[in-house]
$ cat structure00.csv   # CSV, C-alpha atoms
chain,number,residue,atom,x,y,z
A,1,ASN,CA,44.2,171.4,-110.4
A,2,GLU,CA,45.4,174.9,-109.6
A,3,VAL,CA,46.7,173.9,-106.1
A,4,CYS,CA,49.0,171.2,-107.5
A,5,PHE,CA,50.4,173.1,-110.4
A,6,GLY,CA,50.8,176.6,-109.0
A,7,ASP,CA,52.9,178.6,-111.4
A,8,GLN,CA,54.1,175.7,-113.5
A,9,ASP,CA,52.3,176.9,-116.6
A,10,GLU,CA,54.3,174.9,-119.1
A,11,GLU,CA,53.8,171.6,-117.2
A,12,LYS,CA,50.1,172.3,-116.8
A,13,LEU,CA,49.6,173.0,-120.5
A,14,LEU,CA,51.5,169.8,-121.4
A,15,LEU,CA,49.6,167.6,-119.0
A,16,HIS,CA,46.1,169.2,-119.5
A,17,ASP,CA,46.0,170.5,-123.1
A,18,GLU,CA,48.3,168.1,-124.9
A,19,MET,CA,48.2,164.9,-123.0
A,20,LYS,CA,44.7,165.1,-121.6
A,21,TYR,CA,46.2,163.5,-118.4
A,22,ASP,CA,47.0,160.4,-120.4
A,23,PRO,CA,50.6,159.4,-119.8
A,24,ASN,CA,50.6,157.1,-122.8
A,25,VAL,CA,50.6,160.1,-125.2
A,26,LEU,CA,54.0,161.2,-124.1
A,27,ALA,CA,55.4,157.8,-123.1
A,28,GLU,CA,54.7,156.2,-126.5
A,29,ALA,CA,56.1,159.2,-128.3
A,30,LEU,CA,59.4,158.6,-126.5
A,31,CYS,CA,60.0,155.4,-128.6
A,32,GLU,CA,62.9,156.1,-130.9
A,33,ASP,CA,60.9,155.1,-134.0
A,34,SER,CA,58.1,157.5,-133.1
A,35,PRO,CA,57.9,160.6,-135.4
A,36,GLY,CA,57.3,162.7,-132.4
A,37,TYR,CA,60.4,161.5,-130.5
A,38,ASP,CA,62.4,164.8,-130.7
A,39,SER,CA,59.5,166.8,-129.5
A,40,ALA,CA,58.6,164.3,-126.7
A,41,SER,CA,62.2,164.2,-125.4
A,42,THR,CA,62.1,167.9,-125.0
A,43,LYS,CA,58.6,168.0,-123.4
A,44,VAL,CA,59.4,165.3,-120.8
A,45,LYS,CA,61.8,167.7,-119.3
A,46,LEU,CA,58.9,170.1,-118.5
A,47,ILE,CA,57.5,167.5,-116.0
A,48,GLN,CA,59.0,168.4,-112.6
A,49,HIS,CA,59.4,164.9,-111.3
A,50,ALA,CA,60.8,163.5,-114.5
A,51,ASN,CA,63.1,166.2,-115.9
A,52,LEU,CA,66.2,164.6,-114.3
A,53,ALA,CA,67.2,161.0,-114.8
A,54,LEU,CA,68.8,158.9,-112.2
A,55,THR,CA,72.1,159.2,-114.1
A,56,ASP,CA,71.8,163.0,-113.8
A,57,TRP,CA,71.6,162.8,-110.0
A,58,PHE,CA,74.6,160.4,-109.9
A,59,ASP,CA,76.7,162.2,-112.5
A,60,PHE,CA,79.3,163.0,-109.9
A,61,VAL,CA,80.2,159.3,-109.5
A,62,ILE,CA,79.6,158.1,-113.1
A,63,ASN,CA,81.2,160.9,-115.1
A,64,PRO,CA,85.0,160.3,-115.1
A,65,LYS,CA,85.6,164.1,-115.3
A,66,ASN,CA,83.6,164.7,-112.1
A,67,GLN,CA,85.0,161.7,-110.2
A,68,SER,CA,88.4,163.4,-110.1
A,69,ILE,CA,86.8,166.1,-107.9
A,70,ILE,CA,86.0,163.6,-105.1
A,71,THR,CA,88.9,163.8,-102.6
A,72,PRO,CA,89.9,160.9,-100.3
A,73,ASP,CA,88.2,162.6,-97.4
A,74,GLY,CA,85.1,163.5,-99.5
A,75,VAL,CA,82.2,161.2,-100.2
A,76,GLN,CA,82.7,158.1,-98.1
A,77,THR,CA,79.5,156.2,-98.6
A,78,LEU,CA,76.6,155.9,-101.0
A,79,MET,CA,73.5,154.4,-99.5
A,80,ALA,CA,70.6,153.0,-101.6
A,81,ILE,CA,67.2,153.3,-99.8
A,82,THR,CA,65.0,151.1,-102.0
A,83,THR,CA,61.5,149.8,-102.0
A,84,GLU,CA,59.7,147.6,-104.4
A,85,PRO,CA,56.1,146.3,-104.2
A,86,ARG,CA,55.9,143.1,-102.2
A,87,VAL,CA,52.9,141.0,-101.4
A,88,GLU,CA,53.9,140.5,-97.8
A,89,SER,CA,54.5,144.1,-96.9
A,90,ASN,CA,53.4,147.7,-97.4
A,91,SER,CA,55.9,149.6,-99.6
A,92,GLU,CA,55.4,152.9,-97.8
A,93,SER,CA,56.2,151.3,-94.4
A,94,ARG,CA,59.2,149.5,-95.8
A,95,LEU,CA,60.5,152.8,-97.1
A,96,ASP,CA,60.0,154.4,-93.7
A,97,TRP,CA,61.9,151.6,-92.1
A,98,HIS,CA,64.8,151.7,-94.6
A,99,THR,CA,65.0,155.5,-94.2
A,100,GLN,CA,65.1,155.2,-90.4
A,101,GLN,CA,67.9,152.6,-90.6
A,102,ALA,CA,69.9,154.8,-92.9
A,103,VAL,CA,69.5,157.8,-90.5
A,104,LEU,CA,70.6,155.6,-87.5
A,105,LYS,CA,73.7,154.5,-89.4
A,106,ILE,CA,74.6,158.1,-90.3
A,107,TYR,CA,74.2,159.2,-86.7
A,108,ALA,CA,76.3,156.3,-85.4
A,109,ASP,CA,79.0,156.9,-88.0
A,110,ASN,CA,79.3,160.5,-86.7
A,111,GLY,CA,80.0,159.4,-83.1
A,112,LEU,CA,76.5,159.7,-81.5
A,113,ASN,CA,75.6,157.1,-78.9
A,114,ASN,CA,72.3,155.4,-78.6
A,115,GLU,CA,71.0,157.8,-76.0
A,116,GLN,CA,71.8,160.8,-78.1
A,117,ILE,CA,70.2,159.2,-81.2
A,118,GLY,CA,67.1,158.4,-79.2
A,119,LEU,CA,66.7,162.0,-78.1
A,120,ILE,CA,67.1,163.2,-81.7
A,121,LEU,CA,64.5,160.7,-83.0
A,122,LYS,CA,62.0,161.8,-80.4
A,123,HIS,CA,62.3,165.4,-81.4
A,124,LYS,CA,59.4,166.6,-83.6
A,125,PRO,CA,60.2,169.6,-85.8
A,126,GLN,CA,57.7,172.5,-85.4
A,127,LEU,CA,56.5,174.2,-88.6
A,128,SER,CA,56.1,177.9,-88.6
A,129,GLU,CA,52.6,179.2,-89.6
A,130,ASP,CA,54.0,180.2,-93.0
A,131,LYS,CA,55.4,176.7,-93.6
A,132,LYS,CA,52.1,175.1,-92.4
A,133,SER,CA,50.2,177.3,-94.9
A,134,LYS,CA,52.5,176.2,-97.8
A,135,ALA,CA,52.3,172.6,-96.8
A,136,GLU,CA,48.5,172.7,-96.8
A,137,LYS,CA,48.4,174.3,-100.2
A,138,LYS,CA,50.5,171.4,-101.6
A,139,THR,CA,47.9,168.9,-100.5
A,140,HIS,CA,46.4,167.2,-103.6
A,141,SER,CA,42.7,168.0,-104.2
A,142,SER,CA,40.2,165.3,-104.9
A,143,THR,CA,38.5,167.5,-107.5
A,144,THR,CA,37.7,165.7,-110.7
A,145,SER,CA,39.2,167.4,-113.8
A,146,SER,CA,36.9,168.4,-116.6
A,147,VAL,CA,39.0,166.2,-118.9
A,148,THR,CA,39.5,163.1,-116.7
A,149,ASN,CA,39.7,162.1,-113.1
A,150,ILE,CA,43.3,162.7,-112.1
A,151,VAL,CA,42.7,161.0,-108.8
A,152,ASN,CA,42.3,157.7,-110.8
A,153,PRO,CA,45.0,158.1,-113.4
A,154,ILE,CA,45.0,156.4,-116.7
A,155,PRO,CA,47.3,153.3,-116.5
A,156,LEU,CA,50.4,153.0,-118.7
A,157,ARG,CA,50.0,150.6,-121.6
A,158,LYS,CA,52.8,148.1,-122.4
A,159,LEU,CA,54.0,150.1,-125.3
A,160,GLY,CA,54.5,153.2,-123.2
A,161,GLU,CA,56.1,151.1,-120.5
A,162,CYS,CA,58.6,149.8,-123.0
A,163,CYS,CA,59.3,153.2,-124.6
A,164,LEU,CA,60.0,154.7,-121.2
A,165,ALA,CA,62.3,151.9,-120.2
A,166,ARG,CA,64.4,152.3,-123.3
A,167,TYR,CA,64.4,156.1,-123.0
A,168,PHE,CA,65.8,155.7,-119.5
A,169,ARG,CA,68.0,152.7,-120.4
A,170,ASP,CA,71.1,154.3,-118.8
A,171,ASP,CA,69.3,154.5,-115.5
A,172,TYR,CA,68.7,150.7,-115.6
A,173,ARG,CA,72.4,150.3,-116.5
A,174,LEU,CA,73.3,152.3,-113.4
A,175,ILE,CA,71.0,150.1,-111.3
A,176,LYS,CA,72.8,147.1,-112.7
A,177,THR,CA,76.1,148.6,-111.8
A,178,MET,CA,75.0,149.2,-108.2
A,179,LEU,CA,74.7,145.5,-107.7
A,180,PRO,CA,77.7,143.5,-106.4
A,181,GLU,CA,79.7,141.9,-109.2
A,182,GLY,CA,78.2,138.6,-110.3
A,183,GLU,CA,74.6,139.5,-109.4
A,184,VAL,CA,71.8,139.2,-112.0
A,185,ASP,CA,74.4,138.6,-114.8
A,186,SER,CA,71.7,136.5,-116.5
A,187,ILE,CA,70.0,139.8,-117.5
A,188,ALA,CA,72.4,140.4,-120.4
A,189,SER,CA,70.0,143.0,-121.8
A,190,VAL,CA,71.1,145.4,-119.1
A,191,PRO,CA,74.9,145.9,-119.3
A,192,ARG,CA,76.8,147.6,-116.5
A,193,LEU,CA,78.1,151.2,-116.9
A,194,GLU,CA,81.9,151.4,-117.3
A,195,ASN,CA,84.4,153.6,-115.5
A,196,VAL,CA,82.2,154.5,-112.6
A,197,HIS,CA,83.5,155.3,-109.1
A,198,PRO,CA,83.8,152.3,-106.8
A,199,LEU,CA,81.2,153.8,-104.5
A,200,VAL,CA,78.5,153.0,-107.0
A,201,ASN,CA,79.1,149.2,-106.6
A,202,SER,CA,78.6,149.4,-102.8
A,203,VAL,CA,75.3,151.2,-102.4
A,204,CYS,CA,73.8,148.1,-100.7
A,205,SER,CA,76.8,147.5,-98.5
A,206,TRP,CA,75.4,149.0,-95.3
A,207,GLY,CA,73.3,148.0,-92.4
A,208,SER,CA,72.3,144.6,-91.3
A,209,ASP,CA,72.4,141.5,-93.4
A,210,GLU,CA,68.6,141.8,-93.8
A,211,LEU,CA,69.0,145.3,-95.1
A,212,ARG,CA,71.7,144.4,-97.5
A,213,MET,CA,69.8,141.5,-98.9
A,214,SER,CA,66.6,143.5,-99.2
A,215,CYS,CA,68.4,146.3,-101.0
A,216,ILE,CA,69.9,143.8,-103.5
A,217,ALA,CA,66.6,142.1,-104.0
A,218,ASP,CA,64.9,145.4,-104.7
A,219,LEU,CA,67.4,146.4,-107.3
A,220,GLU,CA,67.2,143.0,-109.0
A,221,SER,CA,63.4,143.3,-109.1
A,222,MET,CA,63.6,146.7,-110.8
A,223,LEU,CA,65.8,145.1,-113.5
A,224,ARG,CA,63.8,142.0,-114.0
A,225,ARG,CA,60.5,143.9,-114.4
A,226,ARG,CA,61.9,145.8,-117.3
A,227,ALA,CA,64.4,143.2,-118.7
A,228,LEU,CA,62.1,142.1,-121.6
A,229,PHE,CA,61.6,145.7,-122.7
A,230,LEU,CA,65.3,146.5,-122.4
A,231,ASP,CA,66.3,143.6,-124.6
A,232,GLU,CA,66.8,145.4,-127.9
A,233,SER,CA,67.7,142.2,-129.7
A,234,ARG,CA,63.9,141.5,-129.7
A,235,GLY,CA,63.3,144.4,-132.0
A,236,SER,CA,61.3,147.6,-131.5
A,237,CYS,CA,58.9,148.2,-128.6
A,238,ARG,CA,56.0,147.7,-131.0
A,239,ARG,CA,57.4,144.3,-132.0
A,240,VAL,CA,58.0,143.3,-128.4
A,241,VAL,CA,54.4,144.3,-127.4
A,242,ALA,CA,53.0,142.5,-130.4
A,243,ASP,CA,54.9,139.3,-129.4
A,244,LEU,CA,53.6,139.6,-125.9
A,245,LYS,CA,50.0,139.7,-127.2
A,246,LYS,CA,50.6,136.4,-129.0
A,247,ARG,CA,51.5,134.6,-125.8
$ encode --input "structure00.csv" --output "structure tokens"
Amino acid sequence: NEVCFGDQDEEKLLLHDEMKYDPNVLAEALCEDSPGYDSASTKVKLIQHANLALTDWFDFVINPKNQSIITPDGVQTLMAITTEPRVESNSESRLDWHTQQAVLKIYADNGLNNEQIGLILKHKPQLSEDKKSKAEKKTHSSTTSSVTNIVNPIPLRKLGECCLARYFRDDYRLIKTMLPEGEVDSIASVPRLENVHPLVNSVCSWGSDELRMSCIADLESMLRRRALFLDESRGSCRRVVADLKKR
């Protein structure tokens, strides 16, 4: 799809020519026992939405060297805006709600009253013609690829899911560290990161009780969905998947 890829030639070649739009090709190669691991770990960085891990974005609060840069009047709050699939609600609408609540808190913390906040929320930003044109070009096409239908992507197999979870294991350790002490300690397969800034442990400590509980529940859910794959005492991902098939 030319519209989606634009000038990202390397990413396009990887997804189209090498992977044939099958995420399992790269995901399964990311298993540490895969002969193609070194090559795959380099290629995954060519994918725009996957080239930075969660730990890369949070490096300023988990890397001890960078933590020293944060002054007492610097970063005051880290706010997790989470959304996990739930039967009783639409994930997109929940994300919108969480985001709005976070914005309201930021405005309130900066001294704005309810009337001022209301006026800001009613304001609709106007896009220039140039920005409108660019936005329209970014709209995904429903064109079917000659290789496969990218509108209906190939699902990730259990092996690829496990390989990816272990490749990004430090991200799950960071998520575990975001939870209040004593939460989900039963998931021993995901240890906490050590020597992080205290802000990391308080990302759910904002908003109403409902928001805080929802935030914690979402983080717990992320861990529980991957806990089996992250338990390296069960052996390699191939062994874990083979054991699953026996159940």
$ atom_distance --input "structure00.csv" --atom1 "CA of Arg226 in chain A" --atom2 "CA of Phe60 in chain A"
25.6 Å
$ closest_residue --input "structure00.csv" --among "A:Pro153, A:Gln101, A:Glu232, A:Thr55" --to "Thr177 in chain A" --atoms "only C-alpha atoms"
A:Thr55
$ closest_residue --input "structure00.csv" --among "A:Lys65, A:Arg247, A:Arg212, A:Lys122" --to "Ala80 in chain A" --atoms "all atoms listed in the file"
A:Arg212
$ closest_residue --input "structure00.csv" --among "A:Arg239, A:Lys105, A:Arg225, A:Lys158" --to "Val190 in chain A" --atoms "all atoms listed in the file"
A:Arg225
$ atom_distance --input "structure00.csv" --atom1 "CA of Asp171 in chain A" --atom2 "CA of Tyr37 in chain A"
18.8 Å
$ closest_residue --input "structure00.csv" --among "A:Asp96, A:Arg224, A:Gly235, A:His197" --to "Ile69 in chain A" --atoms "only C-alpha atoms"
A:His197
$ closest_residue --input "structure00.csv" --among "A:Asn195, A:Asn24, A:Thr42, A:Gln100" --to "Gly160 in chain A" --atoms "all atoms listed in the file"
A:Asn24
$ closest_residue --input "structure00.csv" --among "A:Ile70, A:Leu230, A:Thr77, A:Asn114" --to "Val203 in chain A" --atoms "all atoms listed in the file"
A:Thr77
$ atom_distance --input "structure00.csv" --atom1 "CA of Ser39 in chain A" --atom2 "CA of Leu52 in chain A"
16.8 Å
$ residues_around --input "structure00.csv" --residues "Arg166 in chain A" --least-positions-apart "2" --cutoff "12 Å" --atoms "only C-alpha atoms" --output "CSV table (one decimal) with C-alpha atoms, keeping the file's coordinate frame"
chain,number,residue,atom,x,y,z
A,27,ALA,CA,55.4,157.8,-123.1
A,28,GLU,CA,54.7,156.2,-126.5
A,29,ALA,CA,56.1,159.2,-128.3
A,30,LEU,CA,59.4,158.6,-126.5
A,31,CYS,CA,60.0,155.4,-128.6
A,32,GLU,CA,62.9,156.1,-130.9
A,33,ASP,CA,60.9,155.1,-134.0
A,159,LEU,CA,54.0,150.1,-125.3
A,160,GLY,CA,54.5,153.2,-123.2
A,161,GLU,CA,56.1,151.1,-120.5
A,162,CYS,CA,58.6,149.8,-123.0
A,163,CYS,CA,59.3,153.2,-124.6
A,164,LEU,CA,60.0,154.7,-121.2
A,168,PHE,CA,65.8,155.7,-119.5
A,169,ARG,CA,68.0,152.7,-120.4
A,170,ASP,CA,71.1,154.3,-118.8
A,171,ASP,CA,69.3,154.5,-115.5
A,172,TYR,CA,68.7,150.7,-115.6
A,173,ARG,CA,72.4,150.3,-116.5
A,189,SER,CA,70.0,143.0,-121.8
A,190,VAL,CA,71.1,145.4,-119.1
A,226,ARG,CA,61.9,145.8,-117.3
A,227,ALA,CA,64.4,143.2,-118.7
A,228,LEU,CA,62.1,142.1,-121.6
A,229,PHE,CA,61.6,145.7,-122.7
A,230,LEU,CA,65.3,146.5,-122.4
A,231,ASP,CA,66.3,143.6,-124.6
A,232,GLU,CA,66.8,145.4,-127.9
A,235,GLY,CA,63.3,144.4,-132.0
A,236,SER,CA,61.3,147.6,-131.5
A,237,CYS,CA,58.9,148.2,-128.6
$ residues_around --input "structure00.csv" --residues "Asp218 in chain A" --least-positions-apart "2" --cutoff "8 Å" --atoms "all atoms listed in the file" --output "ChimeraX atom specification"
/A:82-84,214-216,220-222
